[in-house]
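Pasting input_39.txt here (compact mmCIF, C-alpha atoms):
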```
# COMPACT_ATOMS: atom_id res chain seq x y z
CA MET A 1 -10.85 11.05 62.80
CA ASN A 2 -10.84 7.28 62.66
CA ARG A 3 -13.96 7.40 60.55
CA PHE A 4 -12.38 9.95 58.24
CA TRP A 5 -9.43 7.66 57.51
CA LYS A 6 -11.72 4.70 57.03
CA TRP A 7 -13.68 6.59 54.38
CA THR A 8 -10.58 8.03 52.75
CA SER A 9 -8.84 4.69 52.45
CA GLY A 10 -12.08 3.09 51.26
CA ILE A 11 -12.49 5.67 48.50
CA LEU A 12 -8.83 5.43 47.48
CA ALA A 13 -9.06 1.64 47.30
CA PHE A 14 -12.22 1.94 45.22
CA LEU A 15 -10.57 4.40 42.83
CA PHE A 16 -7.50 2.18 42.53
CA VAL A 17 -9.55 -0.92 41.75
CA THR A 18 -11.71 1.00 39.27
CA ALA A 19 -8.65 2.42 37.53
CA PHE A 20 -7.06 -1.02 37.31
CA ILE A 21 -10.23 -2.59 35.91
CA GLY A 22 -10.55 0.24 33.40
CA LEU A 23 -6.93 -0.17 32.37
CA SER A 24 -7.39 -3.93 32.08
CA ILE A 25 -10.32 -3.45 29.73
CA MET A 26 -8.39 -0.89 27.71
CA ALA A 27 -5.21 -2.97 27.51
CA GLY A 28 -6.98 -6.32 27.04
CA SER A 29 -6.34 -8.14 30.32
CA PRO A 30 -5.04 -7.54 33.85
CA LYS A 31 -1.65 -8.90 32.73
CA ASP A 32 -1.57 -6.32 29.94
CA ALA A 33 -2.58 -3.58 32.36
CA TYR A 34 0.35 -4.56 34.57
CA GLY A 35 2.66 -4.68 31.55
CA MET A 36 1.56 -1.26 30.47
CA VAL A 37 2.13 0.32 33.86
CA ARG A 38 5.34 -1.54 34.62
CA TYR A 39 7.07 -1.52 31.21
CA ALA A 40 5.42 0.90 28.82
CA LEU A 41 4.50 4.07 30.67
CA PRO A 42 8.00 4.66 32.11
CA HIS A 43 9.44 4.69 28.58
CA MET A 44 6.80 6.76 26.82
CA HIS A 45 7.62 10.44 26.68
CA ARG A 46 6.21 13.28 24.67
CA GLY A 47 9.67 14.78 24.34
CA THR A 48 10.54 18.41 23.92
CA LEU A 49 10.82 18.55 20.14
CA LYS A 50 8.35 20.67 18.26
CA VAL A 51 7.77 21.49 14.64
CA GLY A 52 10.53 23.97 13.85
CA SER A 53 12.98 22.58 16.43
CA ASP A 54 16.51 21.84 15.32
CA ALA A 55 16.57 18.09 14.65
CA PRO A 56 18.86 16.38 17.17
CA ASP A 57 21.69 14.20 15.98
CA ALA A 58 22.57 10.73 17.20
CA ARG A 59 25.06 8.13 16.09
CA LEU A 60 23.57 4.91 14.78
CA VAL A 61 24.97 1.49 14.00
CA ALA A 62 24.47 0.01 10.55
CA LEU A 63 22.97 -3.44 10.01
CA ASP A 64 26.47 -4.90 9.67
CA GLY A 65 26.89 -4.14 13.36
CA VAL A 66 30.19 -2.36 12.76
CA SER A 67 29.87 0.81 10.71
CA ARG A 68 28.42 3.92 12.26
CA PHE A 69 26.71 6.95 10.85
CA HIS A 70 24.89 9.98 12.11
CA ILE A 71 21.25 10.84 11.56
CA ARG A 72 22.24 14.33 10.49
CA GLU A 73 24.49 12.94 7.77
CA ARG A 74 21.27 11.95 6.04
CA THR A 75 19.64 15.38 6.17
CA GLY A 76 20.07 18.42 4.01
CA ALA A 77 19.49 17.35 0.44
CA ARG A 78 15.87 16.28 0.75
CA PRO A 79 13.36 15.86 3.54
CA LEU A 80 14.23 12.91 5.79
CA VAL A 81 11.42 10.69 7.01
CA LEU A 82 12.57 9.15 10.29
CA VAL A 83 10.71 6.03 11.37
CA PHE A 84 11.44 4.72 14.87
CA GLY A 85 10.34 1.28 15.98
CA SER A 86 11.25 -2.24 17.01
CA PHE A 87 10.41 -5.78 15.90
CA THR A 88 7.98 -6.70 18.67
CA MET B 1 4.79 -1.11 8.94
CA GLY B 2 3.30 -1.96 5.56
CA ASP B 3 2.05 1.63 5.43
CA VAL B 4 5.55 2.96 5.88
CA VAL B 5 6.91 0.69 3.15
CA GLN B 6 4.20 1.89 0.79
CA ILE B 7 4.99 5.52 1.60
CA TYR B 8 8.64 4.76 0.97
CA GLN B 9 7.85 3.21 -2.42
CA ASP B 10 5.70 6.20 -3.32
CA TYR B 11 8.09 8.95 -2.26
CA LYS B 12 11.61 7.53 -2.23
CA ASP B 13 12.43 9.54 -5.34
CA ARG B 14 11.49 12.75 -3.53
CA ALA B 15 12.52 12.24 0.07
CA ASP B 16 15.06 10.26 2.07
CA PHE B 17 13.98 7.67 4.60
CA LEU B 18 15.66 6.18 7.63
CA THR B 19 14.34 3.55 9.99
CA VAL B 20 15.82 3.57 13.46
CA TYR B 21 15.64 0.39 15.51
CA VAL B 22 15.13 1.24 19.18
CA ARG B 23 14.62 -0.89 22.30
CA GLU B 24 12.01 -3.61 21.95
CA ALA B 25 8.41 -2.78 22.78
CA HIS B 26 7.12 -6.24 23.73
CA PRO B 27 10.04 -8.54 24.53
CA THR B 28 9.52 -11.92 26.17
CA ASP B 29 10.99 -10.75 29.47
CA GLU B 30 8.80 -7.65 29.73
CA TRP B 31 5.32 -7.01 28.38
CA GLN B 32 4.93 -9.76 25.83
CA MET B 33 1.66 -9.80 23.91
CA LYS B 34 -0.32 -12.72 22.54
CA SER B 35 0.16 -11.38 19.05
CA ASN B 36 3.93 -11.79 19.46
CA LEU B 37 3.41 -15.54 19.93
CA LYS B 38 1.01 -15.72 17.00
CA ASP B 39 3.43 -13.86 14.75
CA ASP B 40 6.43 -15.76 16.13
CA VAL B 41 8.20 -12.57 17.14
CA CYS B 42 9.70 -13.61 20.45
CA TYR B 43 12.84 -11.89 21.63
CA ALA B 44 14.12 -10.90 25.04
CA GLN B 45 15.03 -7.26 25.54
CA PRO B 46 18.53 -6.92 24.06
CA LYS B 47 21.22 -6.32 26.67
CA THR B 48 24.01 -5.84 24.15
CA LEU B 49 24.41 -4.06 20.86
CA GLN B 50 25.14 -7.40 19.21
CA GLN B 51 21.71 -8.67 20.25
CA ARG B 52 20.09 -5.56 18.77
CA VAL B 53 21.96 -6.06 15.53
CA ILE B 54 20.76 -9.68 15.32
CA ILE B 55 17.10 -8.74 15.87
CA ALA B 56 17.30 -5.84 13.42
CA ASN B 57 18.72 -8.19 10.77
CA ASP B 58 16.01 -10.78 11.49
CA PHE B 59 13.44 -8.05 10.98
CA THR B 60 14.79 -6.70 7.70
CA LYS B 61 15.30 -10.20 6.31
CA ARG B 62 11.90 -11.52 7.27
CA PHE B 63 10.03 -8.63 5.68
CA LYS B 64 12.59 -7.84 2.98
CA PHE B 65 12.35 -4.41 4.54
CA PRO B 66 13.51 -1.92 1.93
CA LEU B 67 14.04 1.25 3.96
CA PRO B 68 17.54 2.41 4.93
CA PHE B 69 18.18 1.17 8.44
CA GLY B 70 20.08 2.27 11.53
CA ILE B 71 20.27 0.83 15.03
CA ASP B 72 20.20 2.88 18.20
CA ASP B 73 23.14 1.80 20.33
CA MET B 74 22.90 0.81 23.99
CA SER B 75 23.11 4.43 25.11
CA ASN B 76 19.67 4.86 23.51
CA ALA B 77 20.83 8.26 22.29
CA ALA B 78 18.49 8.42 19.30
CA ASN B 79 15.54 7.16 21.31
CA ASP B 80 16.14 9.72 24.05
CA ALA B 81 16.71 12.60 21.65
CA TYR B 82 13.48 11.93 19.78
CA ALA B 83 11.35 10.46 22.60
CA ALA B 84 10.76 7.72 20.09
CA TRP B 85 9.75 4.59 22.01
CA PRO B 86 7.81 2.50 21.15
CA GLU B 87 7.28 3.88 17.66
CA ARG B 88 7.18 7.33 16.19
CA ILE B 89 7.66 9.20 12.92
CA TYR B 90 9.35 12.53 12.29
CA ILE B 91 10.12 14.40 9.12
CA ILE B 92 13.19 16.63 9.05
CA ASP B 93 13.25 19.27 6.34
CA GLU B 94 16.25 20.27 4.25
CA SER B 95 17.22 22.99 6.72
CA GLY B 96 17.54 20.41 9.50
CA HIS B 97 14.40 21.37 11.38
CA ILE B 98 11.52 19.19 12.46
CA ALA B 99 8.82 19.61 9.83
CA TYR B 100 6.49 16.91 11.11
CA ARG B 101 6.34 15.40 14.59
CA GLY B 102 4.27 12.27 14.81
CA GLY B 103 2.52 11.11 17.95
CA ILE B 104 3.67 8.33 20.25
CA GLY B 105 2.72 4.84 19.17
CA PRO B 106 0.84 2.71 19.08
CA PHE B 107 -2.27 4.86 19.41
CA ASN B 108 -0.91 8.05 17.90
CA TYR B 109 1.44 6.45 15.41
CA LYS B 110 -0.10 7.60 12.14
CA PRO B 111 1.91 7.00 8.99
CA GLU B 112 -0.92 8.56 6.98
CA GLU B 113 -0.05 11.92 8.55
CA ALA B 114 3.50 11.63 7.24
CA ARG B 115 2.05 10.63 3.89
CA GLY B 116 -0.14 13.76 4.07
CA TRP B 117 2.91 15.94 4.61
CA LEU B 118 4.67 14.40 1.61
CA ALA B 119 1.50 14.59 -0.46
CA ALA B 120 1.05 18.28 0.32
CA ARG B 121 4.52 18.91 -0.99
CA TYR B 122 4.93 16.46 -3.80
CA GLY B 123 1.41 15.51 -4.75
CA ALA B 124 -0.71 12.60 -3.64
CA VAL B 125 -0.10 9.09 -4.86
CA LYS B 126 -3.36 7.26 -5.30
CA HIS B 127 -3.65 3.52 -4.98
CA GLU B 128 -7.39 2.92 -5.09
CA ALA B 129 -7.69 2.92 -8.88
CA PRO B 130 -4.31 2.10 -10.35
CA LYS B 131 -5.71 1.61 -13.85
CA SER B 132 -7.23 5.06 -14.26
CA PRO B 133 -5.03 8.15 -14.35
CA PRO B 134 -4.67 9.35 -10.75
CA ALA B 135 -6.24 12.68 -9.93
CA ALA B 136 -3.57 15.31 -9.43
CA THR B 137 -4.97 16.86 -6.30
CA PRO B 138 -2.47 17.41 -3.54
CA THR B 139 -4.22 17.05 -0.22
CA ALA B 140 -4.51 20.15 1.88
CA THR B 141 -4.58 18.38 5.21
CA ALA B 142 -0.89 18.53 6.08
CA PRO B 143 0.75 21.65 7.46
CA ALA B 144 1.95 23.85 4.65
CA ALA B 145 5.43 23.88 6.10
CA SER B 146 7.26 24.49 2.89
CA PRO B 147 7.07 27.37 0.49
CA SER B 148 8.46 25.22 -2.29
CA PRO B 149 6.07 24.64 -5.18
CA ALA B 150 4.28 21.33 -4.91
CA PRO B 151 4.28 19.64 -8.29
CA SER B 152 0.78 18.78 -9.34
CA ALA B 153 1.79 15.47 -10.85
CA PRO B 154 1.88 12.42 -8.58
CA ALA B 155 5.27 11.31 -7.40
CA LYS B 156 5.27 8.17 -9.51
```
Could you write out this structure as structure tokens?
Amino acid sequence: MNRFWKWTSGILAFLFVTAFIGLSIMAGSPKDAYGMVRYALPHMHRGTLKVGSDAPDARLVALDGVSRFHIRERTGARPLVLVFGSFT
Amino acid sequence: MGDVVQIYQDYKDRADFLTVYVREAHPTDEWQMKSNLKDDVCYAQPKTLQQRVIIANDFTKRFKFPLPFGIDDMSNAANDAYAAWPERIYIIDESGHIAYRGGIGPFNYKPEEARGWLAARYGAVKHEAPKSPPAATPTATAPAASPSPAPSAPAK
């Protein structure tokens, strides 16, 4: 039994290290691998929307920081291309 | 981002556009990247709506960003509804349904797919040879989501 756990933990540690090295290469550096796991993955979701789904509405703030409008106010007349992103 | 601006210039007479600013992808207090330092784009993750408004204005001013712009408020309602972070593109058709759902950035963020959807409907806009008359061949790569006739002339 003791030997079983030794092997199991050894293999798990090996897999963990391999995964981290792989992620580091993919992301650019160990710091980036950490950043990806800690800050990116928790916020990345596929979502439930599909082609044909009713487009959800949300209230947005204009660049003046005061006025508000809804996404769905902008739909209806023509197709609406929605581009989500941030500065960094 | 330049791709999106070009698509906007090419199709703004045919379609509406809206950019939605969501939570920062690589703020200084989270996963900052070397490229952020190089490009001098260094901001902490906004904790207030006012901070988001300031960054969004910095962005639009620096790039003279021409697309209509909205800011997701601190409830992140738009981001949550569209699973948008860090960057993503959707097209909503006139009936209010999702006509194109882009992949999650950065790896699956593909503005050319959105361009393909618009090109299938309104005709391709060529940029390679601006002097010669552009070939009027709508691409057939995008989903034929709309039964409306696609004009054969380019959008410009």
Report task. Could you tell me how far CA of Asn108 in chain B lies from CA of Pro42 in chain A, in Å and to one decimal? Result ->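 Interatomic distance, CA of Asn108 in chain B to CA of Pro42 in chain A: 17.1 Å.
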Query raised in the report: Quick one: residues within 7 Å of Leu60 in chain A, all atoms listed in the file counted, chain neighbours fewer than 6 positions away excluded, as number ranges by chain?
Result: A: 68-70; B: 70-73
Query raised in the report: For Ala114 in chain B, which residue among A:Leu12, A:Val83, A:Val17, A:Ala58 is the nearest when counting all atoms listed in the file?
Result: A:Val83
Query raised in the report: Hey, what's within 10 Å of Gly47 in chain A if we count all atoms listed in the file and toss same-chain stuff fewer than 4 positions away? As a ChimeraX atom specification, please?
Result: /B:80-84,104
Using only C-alpha atoms, what table do you get, as a Markdown table, when you list each residue of chain B with an atom no more than 6 Å from chain A, its nearest pair of atoms, and their distance in Å rounded to one decimal, rows by chain then rising number?
```
| residue | atom | partner | partner_atom | distance |
| --- | --- | --- | --- | --- |
| B:Ala15 | CA | A:Pro79 | CA | 5.1 |
| B:Asp16 | CA | A:Leu80 | CA | 4.6 |
| B:Phe17 | CA | A:Val81 | CA | 4.6 |
| B:Leu18 | CA | A:Leu82 | CA | 5.0 |
| B:Thr19 | CA | A:Val83 | CA | 4.6 |
| B:Val20 | CA | A:Phe84 | CA | 4.7 |
| B:Tyr21 | CA | A:Ser86 | CA | 5.3 |
| B:Val22 | CA | A:Ser86 | CA | 5.6 |
| B:Glu24 | CA | A:Ser86 | CA | 5.2 |
| B:Ala25 | CA | A:Thr88 | CA | 5.7 |
| B:His26 | CA | A:Thr88 | CA | 5.2 |
| B:Trp31 | CA | A:Gly35 | CA | 4.7 |
| B:Val53 | CA | A:Gly65 | CA | 5.7 |
| B:Gly70 | CA | A:Ala62 | CA | 5.0 |
| B:Ile71 | CA | A:Val61 | CA | 4.9 |
| B:Asp72 | CA | A:Leu60 | CA | 5.2 |
| B:Ala77 | CA | A:Ala58 | CA | 5.9 |
| B:Ala78 | CA | A:Ala58 | CA | 5.1 |
| B:Ala83 | CA | A:Gly47 | CA | 5.0 |
| B:Pro86 | CA | A:Gly85 | CA | 5.9 |
| B:Glu87 | CA | A:Gly85 | CA | 4.4 |
| B:Arg88 | CA | A:Phe84 | CA | 5.2 |
| B:Ile89 | CA | A:Val83 | CA | 4.7 |
| B:Tyr90 | CA | A:Leu82 | CA | 5.1 |
| B:Ile91 | CA | A:Val81 | CA | 4.5 |
| B:Ile92 | CA | A:Leu80 | CA | 5.1 |
| B:Asp93 | CA | A:Pro79 | CA | 4.4 |
| B:Glu94 | CA | A:Gly76 | CA | 4.3 |
| B:Gly96 | CA | A:Ala55 | CA | 5.7 |
| B:His97 | CA | A:Asp54 | CA | 4.5 |
| B:Ile98 | CA | A:Val51 | CA | 4.9 |
| B:Ala99 | CA | A:Val51 | CA | 5.3 |
| B:Tyr100 | CA | A:Val51 | CA | 5.9 |
```
Expected axis-aligned box over every listed atom of range 26-38 of chain B, 4 Å added per side, centre plus edges in Å to one decimal, as AutoDock Vina command-line options:
```
--center_x 5.3 --center_y -11.0 --center_z 23.4 --size_x 19.3 --size_y 17.5 --size_z 20.7
```
Report summary line: Students should find that CA of Met74 in chain B and CA of Leu49 in chain B are spaced 6.0 Å
**Report entry** Interatomic distance, CA of Ile11 in chain A to CA of Ser24 in chain A (Å, one decimal)
**Finding:**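 Calculated distance between CA of Ile11 in chain A and CA of Ser24 in chain A is 19.7 Å.
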Query - Pick from B:Gln9, B:Asn36, B:Ser75, B:Thr48 nearest to Val125 in chain B, counting only C-alpha atoms - result: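 Between B:Gln9, B:Asn36, B:Ser75, B:Thr48, the residue approaching Val125 in chain B most closely is B:Gln9.
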Query raised in the report: Pick from B:Ile7, B:Asn79, B:Tyr109, B:Pro27: nearest to Ile55 in chain B, with only C-alpha atoms counted?
Result: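 The answer is B:Pro27, which sits nearest to Ile55 in chain B.
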